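J.: I'm passing along target-v6.txt; it holds compact mmCIF, N, CA and C atoms.
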# COMPACT_ATOMS: atom_id res chain seq x y z
N MET B 1 25.34 22.02 4.42
CA MET B 1 24.51 20.85 4.42
C MET B 1 24.84 19.99 3.20
N GLU B 2 25.15 18.71 3.45
CA GLU B 2 25.50 17.81 2.36
C GLU B 2 24.25 17.32 1.65
N PRO B 3 24.34 17.11 0.33
CA PRO B 3 23.18 16.56 -0.38
C PRO B 3 22.98 15.10 0.02
N TYR B 4 21.76 14.61 -0.19
CA TYR B 4 21.46 13.22 0.11
C TYR B 4 22.29 12.30 -0.77
N SER B 5 22.71 11.17 -0.19
CA SER B 5 23.35 10.15 -1.00
C SER B 5 22.27 9.44 -1.81
N PHE B 6 22.68 8.71 -2.82
CA PHE B 6 21.72 7.99 -3.65
C PHE B 6 20.92 7.00 -2.80
N ASN B 7 21.61 6.26 -1.93
CA ASN B 7 20.91 5.29 -1.09
C ASN B 7 19.91 5.97 -0.17
N GLN B 8 20.22 7.15 0.33
CA GLN B 8 19.28 7.87 1.19
C GLN B 8 18.05 8.32 0.39
N ARG B 9 18.26 8.74 -0.84
CA ARG B 9 17.13 9.11 -1.70
C ARG B 9 16.22 7.91 -1.93
N VAL B 10 16.82 6.74 -2.18
CA VAL B 10 16.04 5.52 -2.40
C VAL B 10 15.29 5.14 -1.13
N LYS B 11 15.96 5.26 0.00
CA LYS B 11 15.31 4.94 1.28
C LYS B 11 14.12 5.86 1.53
N ASN B 12 14.25 7.14 1.21
CA ASN B 12 13.14 8.08 1.37
C ASN B 12 11.98 7.74 0.42
N LEU B 13 12.29 7.36 -0.82
CA LEU B 13 11.25 6.92 -1.74
C LEU B 13 10.53 5.69 -1.19
N TYR B 14 11.31 4.75 -0.70
CA TYR B 14 10.75 3.53 -0.12
C TYR B 14 9.80 3.86 1.03
N LYS B 15 10.22 4.74 1.91
CA LYS B 15 9.38 5.13 3.04
C LYS B 15 8.09 5.80 2.58
N SER B 16 8.18 6.61 1.54
CA SER B 16 6.99 7.32 1.08
C SER B 16 5.95 6.36 0.49
N TYR B 17 6.38 5.24 -0.09
CA TYR B 17 5.44 4.30 -0.68
C TYR B 17 5.03 3.17 0.27
N PHE B 18 5.96 2.72 1.10
CA PHE B 18 5.74 1.48 1.86
C PHE B 18 5.86 1.63 3.37
N ALA B 19 5.78 2.84 3.90
CA ALA B 19 5.98 3.07 5.33
C ALA B 19 5.00 2.29 6.19
N ASN B 20 3.78 2.16 5.75
CA ASN B 20 2.75 1.49 6.56
C ASN B 20 2.55 0.04 6.19
N ASN B 21 3.40 -0.51 5.35
CA ASN B 21 3.22 -1.88 4.89
C ASN B 21 4.34 -2.76 5.39
N LYS B 22 4.00 -3.78 6.14
CA LYS B 22 4.99 -4.71 6.71
C LYS B 22 5.34 -5.85 5.76
N ASN B 23 4.67 -5.92 4.59
CA ASN B 23 4.91 -7.00 3.64
C ASN B 23 5.96 -6.65 2.59
N VAL B 24 6.71 -5.60 2.82
CA VAL B 24 7.76 -5.19 1.89
C VAL B 24 9.06 -5.07 2.67
N HIS B 25 10.12 -5.61 2.09
CA HIS B 25 11.43 -5.61 2.76
C HIS B 25 12.46 -4.96 1.83
N ILE B 26 13.33 -4.13 2.41
CA ILE B 26 14.38 -3.48 1.62
C ILE B 26 15.74 -3.82 2.23
N GLU B 27 16.71 -4.04 1.36
CA GLU B 27 18.11 -4.22 1.75
C GLU B 27 18.95 -3.27 0.91
N LEU B 28 19.74 -2.45 1.57
CA LEU B 28 20.59 -1.48 0.89
C LEU B 28 22.04 -1.77 1.22
N ASP B 29 22.89 -1.77 0.20
CA ASP B 29 24.33 -1.76 0.44
C ASP B 29 24.98 -0.91 -0.64
N ALA B 30 26.27 -0.86 -0.66
CA ALA B 30 26.97 0.07 -1.54
C ALA B 30 26.74 -0.19 -3.03
N ASP B 31 26.59 -1.47 -3.41
CA ASP B 31 26.49 -1.80 -4.83
C ASP B 31 25.15 -2.34 -5.28
N GLN B 32 24.23 -2.56 -4.34
CA GLN B 32 22.97 -3.19 -4.71
C GLN B 32 21.85 -2.78 -3.76
N ILE B 33 20.65 -2.67 -4.31
CA ILE B 33 19.45 -2.38 -3.54
C ILE B 33 18.41 -3.42 -3.92
N ASP B 34 17.84 -4.11 -2.92
CA ASP B 34 16.81 -5.11 -3.15
C ASP B 34 15.55 -4.72 -2.40
N ILE B 35 14.42 -4.76 -3.09
CA ILE B 35 13.11 -4.54 -2.48
C ILE B 35 12.25 -5.74 -2.85
N ASN B 36 11.74 -6.43 -1.83
CA ASN B 36 10.98 -7.65 -2.06
C ASN B 36 9.64 -7.60 -1.35
N LEU B 37 8.60 -8.12 -2.02
CA LEU B 37 7.31 -8.31 -1.38
C LEU B 37 7.36 -9.64 -0.64
N ILE B 38 6.74 -9.69 0.50
CA ILE B 38 6.69 -10.91 1.29
C ILE B 38 5.26 -11.43 1.22
N GLU B 39 5.08 -12.55 0.52
CA GLU B 39 3.77 -13.16 0.35
C GLU B 39 3.87 -14.63 0.74
N ASP B 40 2.98 -15.07 1.62
CA ASP B 40 3.00 -16.46 2.08
C ASP B 40 2.64 -17.44 0.98
N ASN B 41 1.74 -17.05 0.09
CA ASN B 41 1.26 -17.97 -0.94
C ASN B 41 2.03 -17.89 -2.25
N ASN B 42 3.06 -17.07 -2.33
CA ASN B 42 3.83 -16.92 -3.56
C ASN B 42 5.33 -16.90 -3.21
N PHE B 43 6.00 -18.01 -3.50
CA PHE B 43 7.42 -18.11 -3.16
C PHE B 43 8.30 -17.26 -4.08
N ASP B 44 7.79 -16.96 -5.25
CA ASP B 44 8.53 -16.14 -6.21
C ASP B 44 7.82 -14.79 -6.34
N SER B 45 7.69 -14.10 -5.23
CA SER B 45 6.90 -12.87 -5.20
C SER B 45 7.61 -11.72 -5.90
N ALA B 46 6.88 -10.64 -6.09
CA ALA B 46 7.39 -9.48 -6.81
C ALA B 46 8.65 -8.93 -6.16
N SER B 47 9.55 -8.42 -6.99
CA SER B 47 10.80 -7.87 -6.47
C SER B 47 11.33 -6.79 -7.39
N LEU B 48 12.17 -5.98 -6.82
CA LEU B 48 12.83 -4.88 -7.52
C LEU B 48 14.28 -4.86 -7.07
N GLN B 49 15.18 -4.83 -8.02
CA GLN B 49 16.61 -4.88 -7.69
C GLN B 49 17.36 -3.85 -8.52
N LEU B 50 18.25 -3.11 -7.87
CA LEU B 50 19.12 -2.18 -8.57
C LEU B 50 20.56 -2.60 -8.30
N LYS B 51 21.33 -2.72 -9.37
CA LYS B 51 22.76 -3.02 -9.26
C LYS B 51 23.53 -1.84 -9.82
N LYS B 52 24.52 -1.39 -9.07
CA LYS B 52 25.40 -0.33 -9.55
C LYS B 52 26.59 -0.99 -10.23
N LEU B 53 26.63 -0.88 -11.54
CA LEU B 53 27.73 -1.43 -12.32
C LEU B 53 28.72 -0.32 -12.62
N GLU B 54 29.83 -0.65 -13.25
CA GLU B 54 30.86 0.35 -13.53
C GLU B 54 30.35 1.47 -14.44
N SER B 55 29.60 1.10 -15.46
CA SER B 55 29.19 2.09 -16.45
C SER B 55 27.72 2.51 -16.36
N CYS B 56 26.93 1.80 -15.55
CA CYS B 56 25.50 2.12 -15.51
C CYS B 56 24.84 1.55 -14.26
N PHE B 57 23.56 1.81 -14.15
CA PHE B 57 22.72 1.23 -13.12
C PHE B 57 21.80 0.24 -13.83
N GLN B 58 21.73 -0.98 -13.34
CA GLN B 58 20.85 -1.98 -13.92
C GLN B 58 19.70 -2.22 -12.94
N ILE B 59 18.47 -2.05 -13.42
CA ILE B 59 17.28 -2.19 -12.59
C ILE B 59 16.47 -3.37 -13.13
N ASN B 60 16.20 -4.34 -12.24
CA ASN B 60 15.42 -5.52 -12.59
C ASN B 60 14.12 -5.49 -11.82
N PHE B 61 13.01 -5.67 -12.52
CA PHE B 61 11.69 -5.71 -11.90
C PHE B 61 11.02 -7.02 -12.26
N TRP B 62 10.45 -7.70 -11.25
CA TRP B 62 9.70 -8.94 -11.44
C TRP B 62 8.36 -8.76 -10.75
N ASP B 63 7.25 -8.96 -11.47
CA ASP B 63 5.94 -8.71 -10.89
C ASP B 63 5.39 -9.89 -10.08
N GLY B 64 6.12 -11.00 -10.04
CA GLY B 64 5.71 -12.16 -9.25
C GLY B 64 4.89 -13.16 -10.02
N TYR B 65 4.56 -12.87 -11.27
CA TYR B 65 3.74 -13.78 -12.06
C TYR B 65 4.36 -14.07 -13.42
N SER B 66 4.44 -13.06 -14.26
CA SER B 66 4.92 -13.32 -15.61
C SER B 66 5.73 -12.20 -16.23
N GLN B 67 5.69 -11.01 -15.67
CA GLN B 67 6.34 -9.87 -16.30
C GLN B 67 7.69 -9.58 -15.66
N SER B 68 8.71 -9.53 -16.48
CA SER B 68 10.04 -9.19 -16.02
C SER B 68 10.57 -8.06 -16.90
N GLU B 69 11.17 -7.07 -16.28
CA GLU B 69 11.73 -5.95 -17.04
C GLU B 69 13.15 -5.68 -16.54
N VAL B 70 14.04 -5.38 -17.47
CA VAL B 70 15.40 -4.98 -17.15
C VAL B 70 15.65 -3.64 -17.83
N VAL B 71 16.06 -2.65 -17.03
CA VAL B 71 16.33 -1.31 -17.56
C VAL B 71 17.74 -0.91 -17.15
N GLU B 72 18.50 -0.39 -18.08
CA GLU B 72 19.83 0.14 -17.77
C GLU B 72 19.82 1.64 -18.02
N VAL B 73 20.28 2.39 -17.02
CA VAL B 73 20.37 3.85 -17.12
C VAL B 73 21.77 4.28 -16.70
N PHE B 74 22.13 5.50 -17.07
CA PHE B 74 23.51 5.94 -16.85
C PHE B 74 23.68 6.95 -15.73
N THR B 75 22.60 7.58 -15.27
CA THR B 75 22.73 8.59 -14.22
C THR B 75 21.92 8.20 -12.99
N GLU B 76 22.31 8.74 -11.85
CA GLU B 76 21.57 8.49 -10.61
C GLU B 76 20.15 9.03 -10.71
N ARG B 77 20.00 10.16 -11.38
CA ARG B 77 18.68 10.77 -11.52
C ARG B 77 17.74 9.84 -12.29
N ASP B 78 18.22 9.27 -13.40
CA ASP B 78 17.40 8.35 -14.18
C ASP B 78 17.13 7.06 -13.41
N ALA B 79 18.11 6.62 -12.63
CA ALA B 79 17.92 5.42 -11.81
C ALA B 79 16.84 5.65 -10.76
N ALA B 80 16.85 6.81 -10.13
CA ALA B 80 15.84 7.14 -9.12
C ALA B 80 14.45 7.23 -9.75
N LYS B 81 14.36 7.82 -10.94
CA LYS B 81 13.06 7.93 -11.64
C LYS B 81 12.53 6.55 -12.00
N THR B 82 13.41 5.68 -12.46
CA THR B 82 13.00 4.32 -12.83
C THR B 82 12.57 3.53 -11.60
N LEU B 83 13.32 3.66 -10.51
CA LEU B 83 12.94 2.98 -9.26
C LEU B 83 11.57 3.46 -8.79
N LYS B 84 11.33 4.74 -8.88
CA LYS B 84 10.05 5.30 -8.47
C LYS B 84 8.91 4.70 -9.30
N ARG B 85 9.12 4.58 -10.59
CA ARG B 85 8.10 4.00 -11.48
C ARG B 85 7.81 2.55 -11.08
N PHE B 86 8.86 1.77 -10.80
CA PHE B 86 8.66 0.37 -10.42
C PHE B 86 8.10 0.24 -9.00
N MET B 87 8.41 1.17 -8.11
CA MET B 87 7.81 1.13 -6.77
C MET B 87 6.31 1.35 -6.86
N LYS B 88 5.88 2.20 -7.78
CA LYS B 88 4.44 2.39 -7.98
C LYS B 88 3.79 1.10 -8.46
N LYS B 89 4.48 0.35 -9.33
CA LYS B 89 3.95 -0.93 -9.78
C LYS B 89 3.87 -1.92 -8.62
N LEU B 90 4.89 -1.95 -7.76
CA LEU B 90 4.85 -2.82 -6.58
C LEU B 90 3.67 -2.47 -5.69
N LEU B 91 3.42 -1.19 -5.52
CA LEU B 91 2.30 -0.74 -4.69
C LEU B 91 0.97 -1.22 -5.27
N LYS B 92 0.84 -1.16 -6.59
CA LYS B 92 -0.38 -1.67 -7.24
C LYS B 92 -0.54 -3.16 -7.00
N ILE B 93 0.55 -3.91 -7.05
CA ILE B 93 0.50 -5.36 -6.79
C ILE B 93 0.05 -5.61 -5.35
N LEU B 94 0.55 -4.83 -4.42
CA LEU B 94 0.16 -4.97 -3.01
C LEU B 94 -1.32 -4.68 -2.79
N ASN B 95 -1.85 -3.75 -3.53
CA ASN B 95 -3.24 -3.33 -3.33
C ASN B 95 -4.25 -4.19 -4.06
N ARG B 96 -3.80 -5.25 -4.72
CA ARG B 96 -4.74 -6.15 -5.41
C ARG B 96 -5.54 -6.95 -4.42
Show how you would write the structure in this file as structure tokens.
T.:
Amino acid sequence: MEPYSFNQRVKNLYKSYFANNKNVHIELDADQIDINLIEDNNFDSASLQLKKLESCFQINFWDGYSQSEVVEVFTERDAAKTLKRFMKKLLKILNR
């Protein structure tokens, strides 16, 4: 049995947090992962983006109002942990 790929791990995390919510959209490809909230009244809604660079993973989080965070990590494990932390923040924004 092969281990999960990084994108599959992210997809499983996404499903665990947002399976019942139609206001969240995810796009996965080989070098980038985008998770966006869909809000009719906010054109610059909250988003989470992961870019796989040559030397690291760059994770960008925008809360849709004023807070922006950029985190760079070097391992897939740390990238998954950081994504999980930001997905929890997105969930809190959705539940407001």
J.: Apply DSSP to the structure's backbone, then extract all residues of chain B labelled strand (DSSP E or B) and return them as number ranges by chain.
T.: B: 24-28, 32-37, 47-52, 57-62, 68-73
J.: Tell me, as a PyMOL selection string, which residues lie within 12 Å of Leu53 (chain B), counting only C-alpha atoms; anything in the same chain fewer than 3 positions away does not count.
T.: chain B and resi 30-32+50+56-59+72-76+79
J.: State, in Å with one decimal place, the distance from CA of Met87 (chain B) to atom N of Asn41 (chain B).
T.: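 It comes out at 20.4 Å.
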J.: Skip Leu48 (chain B) itself and residues of its chain fewer than 4 positions away, then list as a list of chain:residue names all residues within 5 Å of it, counting all atoms listed in the file.
T.: B:Asp34, B:Ile35, B:Asn60, B:Phe61
J.: Please produce an output containing N, CA and C atoms for each residue in the selection, written as a PDB file, in the frame of the given file.
T.:
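Wrote it out as part-v8.pdb, contents follow:
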ATOM      1  N   ASP B  34      17.840  -4.110  -2.920  1.00  0.00           N
ATOM      2  CA  ASP B  34      16.810  -5.110  -3.150  1.00  0.00           C
ATOM      3  C   ASP B  34      15.550  -4.720  -2.400  1.00  0.00           C
ATOM      4  N   ILE B  35      14.420  -4.760  -3.090  1.00  0.00           N
ATOM      5  CA  ILE B  35      13.110  -4.540  -2.480  1.00  0.00           C
ATOM      6  C   ILE B  35      12.250  -5.740  -2.850  1.00  0.00           C
ATOM      7  N   ASN B  60      16.200  -4.340 -12.240  1.00  0.00           N
ATOM      8  CA  ASN B  60      15.420  -5.520 -12.590  1.00  0.00           C
ATOM      9  C   ASN B  60      14.120  -5.490 -11.820  1.00  0.00           C
ATOM     10  N   PHE B  61      13.010  -5.670 -12.520  1.00  0.00           N
ATOM     11  CA  PHE B  61      11.690  -5.710 -11.900  1.00  0.00           C
ATOM     12  C   PHE B  61      11.020  -7.020 -12.260  1.00  0.00           C
TER      13      PHE B  61
END
J.: Would you mind reading off the distance between CA of Ile38 (chain B) and CA of Arg96 (chain B), one decimal, in Å?
T.: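 Going from CA of Ile38 (chain B) over to CA of Arg96 (chain B), I get 14.1 Å.
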J.: Pick out the closest residue to Ser47 (chain B) from this set: B:Leu28, B:Leu90, B:Leu13, B:Val70. Count all atoms listed in the file.
T.: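 Checking each of B:Leu28, B:Leu90, B:Leu13, B:Val70 against Ser47 (chain B), counting all atoms listed in the file, the winner is B:Leu90.
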J.: Rounded to one decimal in Å, what is the spacing between atom C of Tyr17 (chain B) and atom C of Ser55 (chain B)?
T.: 28.1 Å
J.: Mind checking DSSP for chain B and telling me the alpha helix (DSSP H) residues as a PyMOL selection string?
T.: chain B and resi 6-18+76-94
J.: Is it possible to get the axis-aligned box enclosing region 41-55 of chain B (all listed atoms, 5 Å extra per side) as JSON, with centre and edge lengths in Å rounded to one decimal?
T.:
{"center_x": 16.1, "center_y": -7.8, "center_z": -8.2, "size_x": 39.6, "size_y": 30.6, "size_z": 26.5}
J.: Taking (-2.3, -5.8, -4.7) in the coordinates of the supplied file, I want to know which residues reach to within 12 Å of it, counting only C-alpha atoms; could you give the answer as a list in words?
T.: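 Collected hits near the coordinates: Asn21, Asn23, Leu37, Ile38, Glu39, Ser45, Ala46, Asp63, Gly64, Lys88, Lys89, Leu90, Leu91, Lys92, Ile93, Leu94, Asn95 and Arg96 of chain B.
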